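Trainee: After the structure tokens below, expect a handful of questions from me.
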Amino acid sequence: MLVFYEDQCPEWRDELDELGMRTLVSPSHDADEWTARDEKKNPKHKAGTLKEPHRHLLAMYDNPVSYDQVVKDFAFLKSKNVKYVKSLPAMARYLTHMDSPDKAQYDPEGVCEFGGADWRDLCATTSDKHLALREMRAFIRENNIVDFYLFWDWCDEHNDEWSRLLDDSCCYAIEHYMRSFRAAQVVTQEDRDALRAKRVDDGCHTDCQTGAIQS
């Protein structure tokens, strides 16, 4: 994670395109203000005054690299503020201050993606995915959907969040659920009658109103 100023490298977009690394860049943070905490650290940073417009960059390496390597790779940005990231999702969300309501909020459409990085997928937390999966399962039940490819096509057209989750990591879970749901729909009235008859043969009787088994 690093902070840079556009006037230090006006061609930063071209440089990042050529670098070919999975990288996310925040919208221009032009409404950030210094806080009382900042002022305590540096009296020149008066609380309530605007910071100089800047951008945050989140770089994702495939393998561990040294601090010096990161500085070298992004030397063209002339940044003096480079830090390691402990949580990629948390820092991805920080690019727009998504989880910081006390800070200026920025439009997600302003996030720039390079090298195949996907900001929305990275922002999705476990709780977000769990909620989305529950919504998918409810939708499948309520609409009696039994063909996975039709559901996927529908998501591609009508629900980008679900489509992304299916493309990413939730495909197996939903396909398995739909397979089970489809199997349950195959149980015919004849099957139910046969099961009821077997219960009678076994000495069990079913209440016609409640369906409860009576001995």
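Naming scheme: A, B, ... for chains in displayed order of the structure tokens; residues 1 onward per chain; ligands 1 onward as shown.
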Taking the chain letters and numbering used in this document, name the residues of stretch 28-209 of chain A that DSSP puts in alpha helix (DSSP H), as a compact mmCIF listing (two decimals) with N, CA, C and O atoms, in the first residue's frame.
Mentor:
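The result, written out as selection_29.txt:
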# COMPACT_ATOMS: atom_id res chain seq x y z
N ALA A 36 -7.61 15.73 14.66
CA ALA A 36 -6.93 16.19 15.88
C ALA A 36 -5.74 15.30 16.19
O ALA A 36 -4.70 15.76 16.67
N ARG A 37 -5.89 14.02 15.89
CA ARG A 37 -4.79 13.09 16.10
C ARG A 37 -3.61 13.43 15.20
O ARG A 37 -2.45 13.39 15.63
N ASP A 38 -3.91 13.79 13.94
CA ASP A 38 -2.85 14.19 13.02
C ASP A 38 -2.14 15.45 13.52
O ASP A 38 -0.91 15.56 13.44
N GLU A 39 -2.94 16.37 14.05
CA GLU A 39 -2.36 17.63 14.52
C GLU A 39 -1.43 17.41 15.71
O GLU A 39 -0.42 18.10 15.86
N LYS A 40 -1.78 16.44 16.56
CA LYS A 40 -0.91 16.13 17.69
C LYS A 40 0.44 15.61 17.22
O LYS A 40 1.48 15.90 17.81
N LYS A 41 0.41 14.84 16.14
CA LYS A 41 1.65 14.29 15.60
C LYS A 41 2.47 15.36 14.89
O LYS A 41 3.70 15.35 14.92
N TYR A 67 10.65 -5.11 0.92
CA TYR A 67 10.23 -3.70 0.91
C TYR A 67 10.96 -2.95 -0.19
O TYR A 67 10.36 -2.16 -0.93
N ASP A 68 12.25 -3.21 -0.31
CA ASP A 68 13.06 -2.52 -1.33
C ASP A 68 12.57 -2.83 -2.74
O ASP A 68 12.61 -1.97 -3.62
N GLN A 69 12.09 -4.06 -2.94
CA GLN A 69 11.59 -4.43 -4.27
C GLN A 69 10.33 -3.63 -4.61
O GLN A 69 10.15 -3.19 -5.74
N VAL A 70 9.47 -3.45 -3.62
CA VAL A 70 8.25 -2.68 -3.84
C VAL A 70 8.60 -1.23 -4.18
O VAL A 70 8.05 -0.64 -5.12
N VAL A 71 9.51 -0.66 -3.42
CA VAL A 71 9.94 0.72 -3.67
C VAL A 71 10.51 0.85 -5.08
O VAL A 71 10.22 1.82 -5.80
N LYS A 72 11.28 -0.15 -5.49
CA LYS A 72 11.88 -0.12 -6.83
C LYS A 72 10.82 -0.23 -7.92
O LYS A 72 10.86 0.51 -8.91
N ASP A 73 9.87 -1.15 -7.74
CA ASP A 73 8.84 -1.36 -8.76
C ASP A 73 7.99 -0.11 -8.98
O ASP A 73 7.54 0.14 -10.11
N LEU A 88 -5.99 -7.64 2.72
CA LEU A 88 -6.31 -7.11 1.40
C LEU A 88 -7.76 -6.60 1.32
O LEU A 88 -7.99 -5.49 0.82
N PRO A 89 -8.75 -7.38 1.79
CA PRO A 89 -10.13 -6.87 1.71
C PRO A 89 -10.30 -5.56 2.47
O PRO A 89 -10.97 -4.64 1.99
N ALA A 90 -9.71 -5.46 3.65
CA ALA A 90 -9.86 -4.24 4.46
C ALA A 90 -9.26 -3.04 3.74
O ALA A 90 -9.85 -1.95 3.71
N MET A 91 -8.09 -3.22 3.15
CA MET A 91 -7.45 -2.10 2.47
C MET A 91 -8.15 -1.76 1.16
O MET A 91 -8.20 -0.60 0.75
N ALA A 92 -8.70 -2.78 0.51
CA ALA A 92 -9.45 -2.52 -0.72
C ALA A 92 -10.67 -1.65 -0.40
O ALA A 92 -11.00 -0.71 -1.14
N ARG A 93 -11.32 -1.95 0.69
CA ARG A 93 -12.49 -1.18 1.10
C ARG A 93 -12.09 0.24 1.53
O ARG A 93 -12.87 1.19 1.40
N TYR A 94 -10.87 0.36 2.04
CA TYR A 94 -10.39 1.68 2.48
C TYR A 94 -10.19 2.63 1.30
O TYR A 94 -10.22 3.85 1.48
N TRP A 119 -11.66 -5.03 -7.86
CA TRP A 119 -11.91 -4.36 -6.59
C TRP A 119 -13.14 -4.92 -5.87
O TRP A 119 -13.10 -5.18 -4.67
N ARG A 120 -14.24 -5.12 -6.58
CA ARG A 120 -15.47 -5.58 -5.94
C ARG A 120 -15.32 -6.97 -5.33
O ARG A 120 -15.80 -7.24 -4.24
N ASP A 121 -14.65 -7.86 -6.06
CA ASP A 121 -14.45 -9.20 -5.53
C ASP A 121 -13.57 -9.16 -4.28
O ASP A 121 -13.80 -9.89 -3.32
N LEU A 122 -12.58 -8.30 -4.30
CA LEU A 122 -11.67 -8.21 -3.16
C LEU A 122 -12.36 -7.62 -1.93
O LEU A 122 -12.04 -7.97 -0.80
N CYS A 123 -13.32 -6.75 -2.17
CA CYS A 123 -14.04 -6.10 -1.06
C CYS A 123 -15.03 -7.03 -0.37
O CYS A 123 -15.42 -6.78 0.77
N THR A 126 -16.54 -12.25 4.19
CA THR A 126 -17.20 -13.54 4.41
C THR A 126 -18.68 -13.34 4.71
O THR A 126 -19.54 -14.07 4.21
N SER A 127 -19.01 -12.34 5.52
CA SER A 127 -20.41 -12.09 5.87
C SER A 127 -21.20 -11.64 4.64
O SER A 127 -22.36 -12.01 4.47
N ASP A 128 -20.56 -10.84 3.76
CA ASP A 128 -21.22 -10.41 2.53
C ASP A 128 -21.56 -11.62 1.67
O ASP A 128 -22.65 -11.73 1.12
N LYS A 129 -20.60 -12.52 1.52
CA LYS A 129 -20.80 -13.70 0.69
C LYS A 129 -21.88 -14.60 1.29
O LYS A 129 -22.71 -15.15 0.56
N HIS A 130 -21.85 -14.75 2.60
CA HIS A 130 -22.85 -15.60 3.26
C HIS A 130 -24.25 -15.06 3.02
O HIS A 130 -25.18 -15.83 2.69
N LEU A 131 -24.42 -13.76 3.15
CA LEU A 131 -25.73 -13.15 2.92
C LEU A 131 -26.16 -13.34 1.47
O LEU A 131 -27.31 -13.68 1.19
N ALA A 132 -25.23 -13.14 0.54
CA ALA A 132 -25.55 -13.29 -0.88
C ALA A 132 -25.94 -14.73 -1.20
O ALA A 132 -26.88 -14.98 -1.97
N LEU A 133 -25.24 -15.70 -0.61
CA LEU A 133 -25.57 -17.10 -0.84
C LEU A 133 -26.96 -17.44 -0.31
O LEU A 133 -27.72 -18.18 -0.94
N ARG A 134 -27.29 -16.90 0.85
CA ARG A 134 -28.64 -17.13 1.40
C ARG A 134 -29.70 -16.54 0.48
O ARG A 134 -30.76 -17.14 0.27
N GLU A 135 -29.42 -15.36 -0.07
CA GLU A 135 -30.36 -14.73 -0.99
C GLU A 135 -30.52 -15.55 -2.26
O GLU A 135 -31.63 -15.69 -2.80
N MET A 136 -29.41 -16.11 -2.75
CA MET A 136 -29.47 -16.96 -3.94
C MET A 136 -30.34 -18.18 -3.70
O MET A 136 -31.19 -18.54 -4.52
N ARG A 137 -30.11 -18.85 -2.57
CA ARG A 137 -30.87 -20.07 -2.27
C ARG A 137 -32.36 -19.76 -2.14
O ARG A 137 -33.20 -20.53 -2.62
N ALA A 138 -32.68 -18.64 -1.50
CA ALA A 138 -34.09 -18.26 -1.36
C ALA A 138 -34.70 -17.98 -2.73
O ALA A 138 -35.84 -18.38 -3.01
N PHE A 139 -33.95 -17.33 -3.60
CA PHE A 139 -34.42 -17.02 -4.95
C PHE A 139 -34.68 -18.30 -5.73
O PHE A 139 -35.68 -18.43 -6.45
N ILE A 140 -33.78 -19.26 -5.59
CA ILE A 140 -33.92 -20.55 -6.29
C ILE A 140 -35.18 -21.27 -5.83
O ILE A 140 -35.95 -21.80 -6.63
N ARG A 141 -35.41 -21.28 -4.52
CA ARG A 141 -36.61 -21.95 -3.99
C ARG A 141 -37.88 -21.24 -4.43
O ARG A 141 -38.83 -21.88 -4.90
N GLU A 142 -37.89 -19.93 -4.27
CA GLU A 142 -39.11 -19.17 -4.56
C GLU A 142 -39.49 -19.21 -6.04
O GLU A 142 -40.67 -19.13 -6.39
N PHE A 148 -29.06 -25.03 -13.48
CA PHE A 148 -28.01 -24.15 -13.01
C PHE A 148 -27.59 -23.14 -14.08
O PHE A 148 -27.37 -21.96 -13.79
N TYR A 149 -27.49 -23.59 -15.32
CA TYR A 149 -27.03 -22.68 -16.37
C TYR A 149 -28.02 -21.54 -16.59
O TYR A 149 -27.62 -20.40 -16.88
N LEU A 150 -29.33 -21.82 -16.42
CA LEU A 150 -30.33 -20.76 -16.57
C LEU A 150 -30.20 -19.73 -15.44
O LEU A 150 -30.33 -18.53 -15.67
N PHE A 151 -29.93 -20.23 -14.24
CA PHE A 151 -29.74 -19.32 -13.11
C PHE A 151 -28.51 -18.45 -13.33
O PHE A 151 -28.54 -17.24 -13.10
N TRP A 152 -27.44 -19.07 -13.80
CA TRP A 152 -26.19 -18.32 -14.04
C TRP A 152 -26.41 -17.26 -15.11
O TRP A 152 -25.97 -16.11 -14.98
N ASP A 153 -27.11 -17.64 -16.19
CA ASP A 153 -27.40 -16.67 -17.26
C ASP A 153 -28.24 -15.52 -16.73
O ASP A 153 -28.03 -14.36 -17.09
N TRP A 154 -29.21 -15.85 -15.86
CA TRP A 154 -30.06 -14.80 -15.29
C TRP A 154 -29.22 -13.84 -14.45
O TRP A 154 -29.39 -12.62 -14.53
N CYS A 155 -28.30 -14.39 -13.67
CA CYS A 155 -27.43 -13.54 -12.85
C CYS A 155 -26.57 -12.63 -13.72
O CYS A 155 -26.37 -11.45 -13.40
N ASP A 156 -26.05 -13.17 -14.82
CA ASP A 156 -25.23 -12.37 -15.73
C ASP A 156 -26.01 -11.16 -16.25
O ASP A 156 -25.44 -10.09 -16.45
N GLU A 157 -27.30 -11.35 -16.44
CA GLU A 157 -28.13 -10.29 -17.01
C GLU A 157 -28.70 -9.34 -15.97
O GLU A 157 -28.86 -8.15 -16.22
N HIS A 158 -29.00 -9.88 -14.77
CA HIS A 158 -29.80 -9.09 -13.83
C HIS A 158 -29.17 -8.84 -12.46
O HIS A 158 -29.65 -7.98 -11.72
N ASP A 160 -25.36 -8.45 -10.99
CA ASP A 160 -23.91 -8.49 -11.18
C ASP A 160 -23.18 -9.06 -9.97
O ASP A 160 -22.19 -9.79 -10.11
N GLU A 161 -23.67 -8.77 -8.77
CA GLU A 161 -23.02 -9.28 -7.56
C GLU A 161 -23.06 -10.80 -7.53
O GLU A 161 -22.04 -11.46 -7.28
N TRP A 162 -24.22 -11.38 -7.79
CA TRP A 162 -24.34 -12.84 -7.80
C TRP A 162 -23.50 -13.44 -8.92
O TRP A 162 -22.86 -14.49 -8.74
N SER A 163 -23.50 -12.80 -10.08
CA SER A 163 -22.72 -13.29 -11.21
C SER A 163 -21.24 -13.35 -10.86
O SER A 163 -20.54 -14.33 -11.17
N ARG A 164 -20.75 -12.32 -10.20
CA ARG A 164 -19.33 -12.28 -9.82
C ARG A 164 -19.01 -13.38 -8.80
O ARG A 164 -17.96 -14.02 -8.87
N LEU A 165 -19.91 -13.60 -7.86
CA LEU A 165 -19.68 -14.64 -6.85
C LEU A 165 -19.65 -16.02 -7.48
O LEU A 165 -18.85 -16.88 -7.10
N LEU A 166 -20.52 -16.25 -8.46
CA LEU A 166 -20.52 -17.53 -9.16
C LEU A 166 -19.23 -17.71 -9.96
O LEU A 166 -18.66 -18.80 -10.01
N ASP A 167 -18.76 -16.64 -10.57
CA ASP A 167 -17.52 -16.71 -11.34
C ASP A 167 -16.32 -16.93 -10.43
O ASP A 167 -15.32 -17.53 -10.83
N ASP A 168 -16.43 -16.44 -9.21
CA ASP A 168 -15.27 -16.46 -8.30
C ASP A 168 -15.19 -17.75 -7.50
O ASP A 168 -14.43 -18.65 -7.82
N CYS A 171 -19.57 -20.96 -6.97
CA CYS A 171 -20.23 -21.78 -7.98
C CYS A 171 -20.58 -23.17 -7.44
O CYS A 171 -21.71 -23.64 -7.60
N TYR A 172 -19.62 -23.83 -6.80
CA TYR A 172 -19.84 -25.20 -6.33
C TYR A 172 -20.98 -25.26 -5.32
O TYR A 172 -21.84 -26.14 -5.38
N ALA A 173 -20.98 -24.33 -4.37
CA ALA A 173 -21.99 -24.35 -3.31
C ALA A 173 -23.40 -24.22 -3.88
O ALA A 173 -24.32 -24.95 -3.50
N ILE A 174 -23.58 -23.30 -4.82
CA ILE A 174 -24.91 -23.08 -5.39
C ILE A 174 -25.31 -24.23 -6.31
O ILE A 174 -26.46 -24.68 -6.31
N GLU A 175 -24.35 -24.74 -7.08
CA GLU A 175 -24.67 -25.87 -7.96
C GLU A 175 -25.07 -27.09 -7.15
O GLU A 175 -26.01 -27.81 -7.49
N HIS A 176 -24.36 -27.34 -6.05
CA HIS A 176 -24.67 -28.48 -5.19
C HIS A 176 -26.06 -28.30 -4.56
O HIS A 176 -26.85 -29.25 -4.49
N TYR A 177 -26.36 -27.08 -4.13
CA TYR A 177 -27.68 -26.81 -3.54
C TYR A 177 -28.78 -27.03 -4.57
O TYR A 177 -29.81 -27.65 -4.28
N MET A 178 -28.56 -26.54 -5.79
CA MET A 178 -29.58 -26.67 -6.82
C MET A 178 -29.78 -28.13 -7.22
O MET A 178 -30.91 -28.57 -7.50
N ARG A 179 -28.70 -28.91 -7.22
CA ARG A 179 -28.81 -30.33 -7.54
C ARG A 179 -29.69 -31.03 -6.51
O ARG A 179 -30.54 -31.85 -6.85
N SER A 180 -29.48 -30.68 -5.25
CA SER A 180 -30.29 -31.27 -4.18
C SER A 180 -31.74 -30.81 -4.28
O SER A 180 -32.68 -31.59 -4.10
N PHE A 181 -31.91 -29.53 -4.58
CA PHE A 181 -33.27 -28.97 -4.72
C PHE A 181 -33.99 -29.64 -5.88
O PHE A 181 -35.18 -29.98 -5.78
N ARG A 182 -33.28 -29.84 -6.99
CA ARG A 182 -33.88 -30.48 -8.16
C ARG A 182 -34.29 -31.91 -7.85
O ARG A 182 -35.36 -32.37 -8.25
N ALA A 183 -33.44 -32.61 -7.12
CA ALA A 183 -33.75 -34.00 -6.76
C ALA A 183 -35.01 -34.06 -5.90
O ALA A 183 -35.82 -34.98 -6.03
N ALA A 184 -35.18 -33.08 -5.04
CA ALA A 184 -36.36 -33.06 -4.17
C ALA A 184 -37.63 -32.85 -4.98
O ALA A 184 -38.70 -33.35 -4.62
N GLN A 185 -37.52 -32.14 -6.11
CA GLN A 185 -38.70 -31.88 -6.94
C GLN A 185 -39.13 -33.11 -7.72
O GLN A 185 -40.27 -33.19 -8.20
N GLN A 189 -46.20 -37.53 -6.70
CA GLN A 189 -47.30 -37.88 -5.82
C GLN A 189 -47.36 -39.38 -5.61
O GLN A 189 -47.71 -39.86 -4.53
N GLU A 190 -47.00 -40.15 -6.66
CA GLU A 190 -46.98 -41.60 -6.53
C GLU A 190 -45.98 -42.03 -5.46
O GLU A 190 -46.24 -42.95 -4.68
N ASP A 191 -44.82 -41.34 -5.44
CA ASP A 191 -43.82 -41.65 -4.43
C ASP A 191 -44.37 -41.37 -3.04
O ASP A 191 -44.15 -42.15 -2.10
N ARG A 192 -45.08 -40.26 -2.91
CA ARG A 192 -45.64 -39.91 -1.60
C ARG A 192 -46.70 -40.94 -1.18
O ARG A 192 -46.77 -41.33 -0.01
N ASP A 193 -47.54 -41.36 -2.15
CA ASP A 193 -48.57 -42.35 -1.84
C ASP A 193 -47.93 -43.68 -1.44
O ASP A 193 -48.40 -44.35 -0.51
N ALA A 194 -46.84 -44.04 -2.14
CA ALA A 194 -46.17 -45.30 -1.83
C ALA A 194 -45.56 -45.24 -0.43
O ALA A 194 -45.61 -46.21 0.33
N LEU A 195 -45.01 -44.08 -0.08
CA LEU A 195 -44.42 -43.92 1.25
C LEU A 195 -45.51 -43.99 2.32
O LEU A 195 -45.33 -44.62 3.36
N ARG A 196 -46.65 -43.38 2.02
CA ARG A 196 -47.75 -43.41 2.98
C ARG A 196 -48.26 -44.84 3.17
O ARG A 196 -48.54 -45.27 4.29
N ALA A 197 -48.34 -45.60 2.06
CA ALA A 197 -48.79 -46.99 2.14
C ALA A 197 -47.82 -47.83 2.95
O ALA A 197 -48.22 -48.69 3.74
N LYS A 198 -46.53 -47.57 2.77
CA LYS A 198 -45.52 -48.32 3.51
C LYS A 198 -45.65 -48.05 5.00
O LYS A 198 -45.51 -48.95 5.84
N ARG A 199 -45.94 -46.80 5.34
CA ARG A 199 -46.10 -46.47 6.75
C ARG A 199 -47.28 -47.22 7.35
O ARG A 199 -47.24 -47.67 8.49
N VAL A 200 -48.36 -47.35 6.55
CA VAL A 200 -49.53 -48.08 7.02
C VAL A 200 -49.18 -49.55 7.24
O VAL A 200 -49.55 -50.16 8.25
N ASP A 201 -48.44 -50.12 6.27
CA ASP A 201 -48.03 -51.52 6.39
C ASP A 201 -47.16 -51.73 7.62
O ASP A 201 -47.17 -52.80 8.23
Trainee: Take atom CA of A:Leu95 and atom CA of A:Trp34 and report the distance between them in Å, one decimal.
Mentor: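 Interatomic distance, atom CA of A:Leu95 to atom CA of A:Trp34: 17.0 Å.
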Trainee: Identify, on the basis of only C-alpha atoms, every residue whose closest approach to A:Leu50 does not exceed 8 Å; exclude the query and any residue fewer than 6 positions from it along the same chain; express the result as a PyMOL selection string.
Mentor: chain A and resi 30-34
Trainee: Please dump the current selection as a PDB file, in the first residue's frame; keep N, CA, C and O atoms.
Mentor:
ATOM      1  N   ASP A  30      -9.673  13.902  -2.507  1.00  0.00           N
ATOM      2  CA  ASP A  30      -9.555  15.365  -2.518  1.00  0.00           C
ATOM      3  C   ASP A  30     -10.423  16.037  -1.461  1.00  0.00           C
ATOM      4  O   ASP A  30     -10.550  17.264  -1.437  1.00  0.00           O
ATOM      5  N   ALA A  31     -11.027  15.216  -0.587  1.00  0.00           N
ATOM      6  CA  ALA A  31     -11.871  15.787   0.471  1.00  0.00           C
ATOM      7  C   ALA A  31     -11.436  15.319   1.856  1.00  0.00           C
ATOM      8  O   ALA A  31     -12.144  15.543   2.840  1.00  0.00           O
ATOM      9  N   ASP A  32     -10.278  14.676   1.944  1.00  0.00           N
ATOM     10  CA  ASP A  32      -9.775  14.213   3.240  1.00  0.00           C
ATOM     11  C   ASP A  32      -9.330  15.404   4.092  1.00  0.00           C
ATOM     12  O   ASP A  32      -8.741  16.363   3.574  1.00  0.00           O
ATOM     13  N   GLU A  33      -9.592  15.302   5.387  1.00  0.00           N
ATOM     14  CA  GLU A  33      -9.199  16.367   6.304  1.00  0.00           C
ATOM     15  C   GLU A  33      -8.235  15.835   7.360  1.00  0.00           C
ATOM     16  O   GLU A  33      -8.295  14.667   7.746  1.00  0.00           O
ATOM     17  N   TRP A  34      -7.364  16.708   7.821  1.00  0.00           N
ATOM     18  CA  TRP A  34      -6.498  16.355   8.939  1.00  0.00           C
ATOM     19  C   TRP A  34      -7.352  16.258  10.199  1.00  0.00           C
ATOM     20  O   TRP A  34      -8.336  16.987  10.356  1.00  0.00           O
TER      21      TRP A  34
END
Trainee: Could you tell me how far atom CA of A:Gly115 sits from atom CA of A:Glu18, in Å to one decimal place?
Mentor: 9.1 Å
Trainee: Tell me, as a PyMOL selection string, which residues lie within 9 Å of stretch 74-84 of chain A, counting only C-alpha atoms; anything in the same chain fewer than 6 positions away does not count.
Mentor: chain A and resi 1-6+8-9+12+15-16+67
Trainee: Given the choices A:Gly48, A:Lys86, A:Asp102, A:Asp107, which gets closest to A:Ser28 if the distance is worked out from only C-alpha atoms?
Mentor: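 Counting only C-alpha atoms, the residue closest to A:Ser28 is A:Asp107.
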Trainee: Between atom CA of A:Val65 and atom CA of A:Glu113, what distance in Å does the model show, to one decimal?
Mentor: 21.1 Å
Trainee: Select from stretch 14-190 of chain A everything DSSP, run on the backbone, classes as strand (DSSP E or B), then give the selection as an NGL selection string.
Mentor: :A and (22-25 or 29 or 33 or 50 or 54-60 or 81-82 or 112-114)
Trainee: Find the residues around A:Glu109 up to 10 Å (only C-alpha atoms counted), leave out those fewer than 5 positions away in its own chain, and share them as a ChimeraX atom specification.
Mentor: /A:26-27,96
Trainee: Can I get the selected residues back with C-alpha atoms, as a short mmCIF file (atom, residue, chain, number, x, y, z; two decimals), in the first residue's frame?
Mentor:
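What follows is the written file selection19.cif:
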data_model
loop_
_atom_site.label_atom_id
_atom_site.label_comp_id
_atom_site.auth_asym_id
_atom_site.auth_seq_id
_atom_site.Cartn_x
_atom_site.Cartn_y
_atom_site.Cartn_z
CA SER A 26 -8.29 4.77 -5.23
CA PRO A 27 -10.31 7.68 -6.57
CA THR A 96 -13.28 4.50 -0.89
#
Trainee: I'd like the contact shell of A:Arg22 - 9 Å cut-off, only C-alpha atoms, skipping same-chain residues fewer than 6 positions apart - returned as a VMD selection string.
Mentor: chain A and resid 58 to 62 113 to 118
